Amino acid sequence: MAVASGPAASADQWRPRPGTLYISDLPKTESWRAAPVARGWGMSHECLANWPEGRPEVNVWHRDFSTAETAYAEQKVVVFATEAEAITFAEETRESYAECANRPQEPGVTATGYDHGVLDVEEGATLHGMYTFDAQASDRPHFNYLWGVGRDGDTVTLNMWQSYWGDPPVTEWKNTLRTAVNKLY
């Protein structure tokens, strides 16, 4: 029996779910609550325009985290059929996040992007951020985003944080991203 490779192969069967974040793994700067881990992509991350074609629809999990009012976070975990597919997906996603602030914004919105660097964990992780200001908004004109991409072998984790309150917890979120990558396997 021949074994298919590429995105079609990953659609053939479910694989065991890698480890995911717990509430206690998120920054202590806020009081978090969480939904259970669920299959599928969940909500779309801000700024993932031109999401890579042929993304897998199985071997994908997500978990949503939120605070009472000000912040939202999400982890997505994707297991690919091959390590090469994971490398390509992680790189395309990193590039997409790095370009977020350069994309056209809504009228009155200005965006500033940040490269918060590379983390030395497993096959690597990066953290990007963006600050937006909406001059036309009467309520909550400021938003901050952090997007982490990490990989361990054939598995990629995407970790997103956003809030309209205060500065982004960059150092704390790097720790969360490191934990997320380490928990994959």
# chains A, B, ... in the order shown; residues from 1 in each chain; ligands from 1
call {"tool": "residues_around", "arguments": {"residues": "His116 (chain A)", "least_positions_apart": "4", "cutoff": "10 Å", "atoms": "only C-alpha atoms", "output": "list in words"}}
result
Thr126, Leu127, His128, Gly129, Leu146, Trp147, Gly148, Val170, Thr171 and Lys174 of chain A
call {"tool": "residues_around", "arguments": {"residues": "Pro18 (chain A)", "least_positions_apart": "4", "cutoff": "8 Å", "atoms": "only C-alpha atoms", "output": "number ranges by chain"}}
result
A: 77, 183-185
call {"tool": "select_by_dssp", "arguments": {"residues": "region 42-111 of chain A", "states": "helix (DSSP H, G or I)", "output": "number ranges by chain"}}
result
A: 83-98, 100-102
call {"tool": "write_last_selection", "arguments": {"atoms": "N, CA and C atoms", "output": "PDB file, in the first residue's frame"}}
result
ATOM      1  N   GLU A  83       8.197  17.083   8.216  1.00  0.00           N
ATOM      2  CA  GLU A  83       8.881  18.226   8.819  1.00  0.00           C
ATOM      3  C   GLU A  83       9.049  19.347   7.802  1.00  0.00           C
ATOM      4  N   ALA A  84       9.255  19.002   6.538  1.00  0.00           N
ATOM      5  CA  ALA A  84       9.414  20.026   5.494  1.00  0.00           C
ATOM      6  C   ALA A  84       8.162  20.893   5.382  1.00  0.00           C
ATOM      7  N   GLU A  85       6.984  20.281   5.485  1.00  0.00           N
ATOM      8  CA  GLU A  85       5.736  21.053   5.444  1.00  0.00           C
ATOM      9  C   GLU A  85       5.645  21.987   6.646  1.00  0.00           C
ATOM     10  N   ALA A  86       6.055  21.504   7.801  1.00  0.00           N
ATOM     11  CA  ALA A  86       6.017  22.333   9.013  1.00  0.00           C
ATOM     12  C   ALA A  86       6.963  23.520   8.880  1.00  0.00           C
ATOM     13  N   ILE A  87       8.151  23.290   8.333  1.00  0.00           N
ATOM     14  CA  ILE A  87       9.124  24.371   8.148  1.00  0.00           C
ATOM     15  C   ILE A  87       8.545  25.440   7.226  1.00  0.00           C
ATOM     16  N   THR A  88       7.963  25.019   6.104  1.00  0.00           N
ATOM     17  CA  THR A  88       7.386  25.970   5.145  1.00  0.00           C
ATOM     18  C   THR A  88       6.248  26.758   5.777  1.00  0.00           C
ATOM     19  N   PHE A  89       5.344  26.058   6.470  1.00  0.00           N
ATOM     20  CA  PHE A  89       4.213  26.728   7.098  1.00  0.00           C
ATOM     21  C   PHE A  89       4.677  27.737   8.148  1.00  0.00           C
ATOM     22  N   ALA A  90       5.612  27.339   8.993  1.00  0.00           N
ATOM     23  CA  ALA A  90       6.104  28.240  10.042  1.00  0.00           C
ATOM     24  C   ALA A  90       6.736  29.482   9.426  1.00  0.00           C
ATOM     25  N   GLU A  91       7.529  29.309   8.389  1.00  0.00           N
ATOM     26  CA  GLU A  91       8.191  30.453   7.760  1.00  0.00           C
ATOM     27  C   GLU A  91       7.178  31.385   7.090  1.00  0.00           C
ATOM     28  N   GLU A  92       6.212  30.827   6.374  1.00  0.00           N
ATOM     29  CA  GLU A  92       5.194  31.664   5.736  1.00  0.00           C
ATOM     30  C   GLU A  92       4.382  32.431   6.774  1.00  0.00           C
ATOM     31  N   THR A  93       4.086  31.787   7.893  1.00  0.00           N
ATOM     32  CA  THR A  93       3.314  32.452   8.942  1.00  0.00           C
ATOM     33  C   THR A  93       4.145  33.551   9.603  1.00  0.00           C
ATOM     34  N   ARG A  94       5.428  33.302   9.861  1.00  0.00           N
ATOM     35  CA  ARG A  94       6.314  34.337  10.423  1.00  0.00           C
ATOM     36  C   ARG A  94       6.360  35.557   9.500  1.00  0.00           C
ATOM     37  N   GLU A  95       6.524  35.306   8.217  1.00  0.00           N
ATOM     38  CA  GLU A  95       6.577  36.407   7.246  1.00  0.00           C
ATOM     39  C   GLU A  95       5.277  37.190   7.231  1.00  0.00           C
ATOM     40  N   SER A  96       4.162  36.482   7.332  1.00  0.00           N
ATOM     41  CA  SER A  96       2.862  37.157   7.352  1.00  0.00           C
ATOM     42  C   SER A  96       2.745  38.072   8.567  1.00  0.00           C
ATOM     43  N   TYR A  97       3.139  37.561   9.737  1.00  0.00           N
ATOM     44  CA  TYR A  97       3.089  38.394  10.941  1.00  0.00           C
ATOM     45  C   TYR A  97       4.036  39.585  10.851  1.00  0.00           C
ATOM     46  N   ALA A  98       5.229  39.369  10.298  1.00  0.00           N
ATOM     47  CA  ALA A  98       6.213  40.453  10.196  1.00  0.00           C
ATOM     48  C   ALA A  98       5.713  41.577   9.305  1.00  0.00           C
ATOM     49  N   CYS A 100       2.471  42.519   8.994  1.00  0.00           N
ATOM     50  CA  CYS A 100       1.147  42.998   9.412  1.00  0.00           C
ATOM     51  C   CYS A 100       1.016  44.511   9.405  1.00  0.00           C
ATOM     52  N   ALA A 101       1.957  45.204   9.987  1.00  0.00           N
ATOM     53  CA  ALA A 101       1.851  46.661  10.098  1.00  0.00           C
ATOM     54  C   ALA A 101       1.997  47.353   8.752  1.00  0.00           C
ATOM     55  N   ASN A 102       2.571  46.677   7.768  1.00  0.00           N
ATOM     56  CA  ASN A 102       2.762  47.276   6.443  1.00  0.00           C
ATOM     57  C   ASN A 102       1.561  47.092   5.534  1.00  0.00           C
TER      58      ASN A 102
END
call {"tool": "residues_around", "arguments": {"residues": "Asp167 (chain A)", "least_positions_apart": "4", "cutoff": "12 Å", "atoms": "only C-alpha atoms", "output": "PyMOL selection string"}}
result
chain A and resi 29+70-71+129-132+142-146+161-163+171-173
call {"tool": "write_last_selection", "arguments": {"atoms": "C-alpha atoms", "output": "PDB file, in the first residue's frame"}}
result
ATOM      1  CA  THR A  29      -0.092  40.025  34.449  1.00  0.00           C
ATOM      2  CA  THR A  70      -9.169  43.447  28.458  1.00  0.00           C
ATOM      3  CA  ALA A  71      -7.212  40.619  26.837  1.00  0.00           C
ATOM      4  CA  GLY A 129       4.043  42.488  17.627  1.00  0.00           C
ATOM      5  CA  MET A 130       1.926  45.331  16.383  1.00  0.00           C
ATOM      6  CA  TYR A 131       0.448  48.448  17.933  1.00  0.00           C
ATOM      7  CA  THR A 132      -2.522  50.114  16.263  1.00  0.00           C
ATOM      8  CA  HIS A 142      -5.314  51.541  21.135  1.00  0.00           C
ATOM      9  CA  PHE A 143      -4.666  47.856  20.452  1.00  0.00           C
ATOM     10  CA  ASN A 144      -1.553  45.758  20.991  1.00  0.00           C
ATOM     11  CA  TYR A 145      -0.885  42.358  19.452  1.00  0.00           C
ATOM     12  CA  LEU A 146       1.791  39.697  19.972  1.00  0.00           C
ATOM     13  CA  TRP A 161      -2.152  37.765  22.509  1.00  0.00           C
ATOM     14  CA  GLN A 162      -4.135  40.984  22.061  1.00  0.00           C
ATOM     15  CA  SER A 163      -5.396  43.711  24.338  1.00  0.00           C
ATOM     16  CA  THR A 171       9.021  39.275  28.203  1.00  0.00           C
ATOM     17  CA  GLU A 172       6.206  37.274  29.763  1.00  0.00           C
ATOM     18  CA  TRP A 173       4.825  36.258  26.369  1.00  0.00           C
TER      19      TRP A 173
END
call {"tool": "select_by_dssp", "arguments": {"residues": "chain A", "states": "strand (DSSP E or B)", "output": "count of residues only"}}
result
61
call {"tool": "residues_around", "arguments": {"residues": "Arg39 (chain A)", "least_positions_apart": "2", "cutoff": "8 Å", "atoms": "only C-alpha atoms", "output": "PDB file with N, CA, C and O atoms, in the first residue's frame"}}
result
ATOM      1  N   VAL A  37      -9.439  22.636  25.022  1.00  0.00           N
ATOM      2  CA  VAL A  37      -8.783  22.457  23.724  1.00  0.00           C
ATOM      3  C   VAL A  37      -9.815  21.845  22.778  1.00  0.00           C
ATOM      4  O   VAL A  37     -10.542  20.928  23.150  1.00  0.00           O
ATOM      5  N   TRP A  41      -9.210  25.053  13.549  1.00  0.00           N
ATOM      6  CA  TRP A  41      -8.431  26.289  13.573  1.00  0.00           C
ATOM      7  C   TRP A  41      -8.946  27.338  14.544  1.00  0.00           C
ATOM      8  O   TRP A  41      -8.211  28.215  14.960  1.00  0.00           O
ATOM      9  N   VAL A  58      -7.044  18.596   9.388  1.00  0.00           N
ATOM     10  CA  VAL A  58      -7.007  17.651  10.506  1.00  0.00           C
ATOM     11  C   VAL A  58      -5.654  17.818  11.176  1.00  0.00           C
ATOM     12  O   VAL A  58      -4.763  18.472  10.644  1.00  0.00           O
ATOM     13  N   ASN A  59      -5.525  17.250  12.340  1.00  0.00           N
ATOM     14  CA  ASN A  59      -4.306  17.396  13.139  1.00  0.00           C
ATOM     15  C   ASN A  59      -4.060  18.859  13.486  1.00  0.00           C
ATOM     16  O   ASN A  59      -2.936  19.334  13.489  1.00  0.00           O
ATOM     17  N   VAL A  60      -5.166  19.556  13.749  1.00  0.00           N
ATOM     18  CA  VAL A  60      -5.143  20.966  14.115  1.00  0.00           C
ATOM     19  C   VAL A  60      -6.000  21.126  15.370  1.00  0.00           C
ATOM     20  O   VAL A  60      -7.119  20.609  15.431  1.00  0.00           O
ATOM     21  N   TRP A  61      -5.466  21.836  16.363  1.00  0.00           N
ATOM     22  CA  TRP A  61      -6.192  22.093  17.604  1.00  0.00           C
ATOM     23  C   TRP A  61      -6.017  23.556  17.985  1.00  0.00           C
ATOM     24  O   TRP A  61      -5.041  24.195  17.608  1.00  0.00           O
ATOM     25  N   HIS A  62      -6.967  24.070  18.765  1.00  0.00           N
ATOM     26  CA  HIS A  62      -6.837  25.439  19.262  1.00  0.00           C
ATOM     27  C   HIS A  62      -7.422  25.517  20.677  1.00  0.00           C
ATOM     28  O   HIS A  62      -8.223  24.678  21.083  1.00  0.00           O
TER      29      HIS A  62
END
call {"tool": "atom_distance", "arguments": {"atom1": "CA of Pro36 (chain A)", "atom2": "CA of Leu21 (chain A)"}}
result
10.6 Å
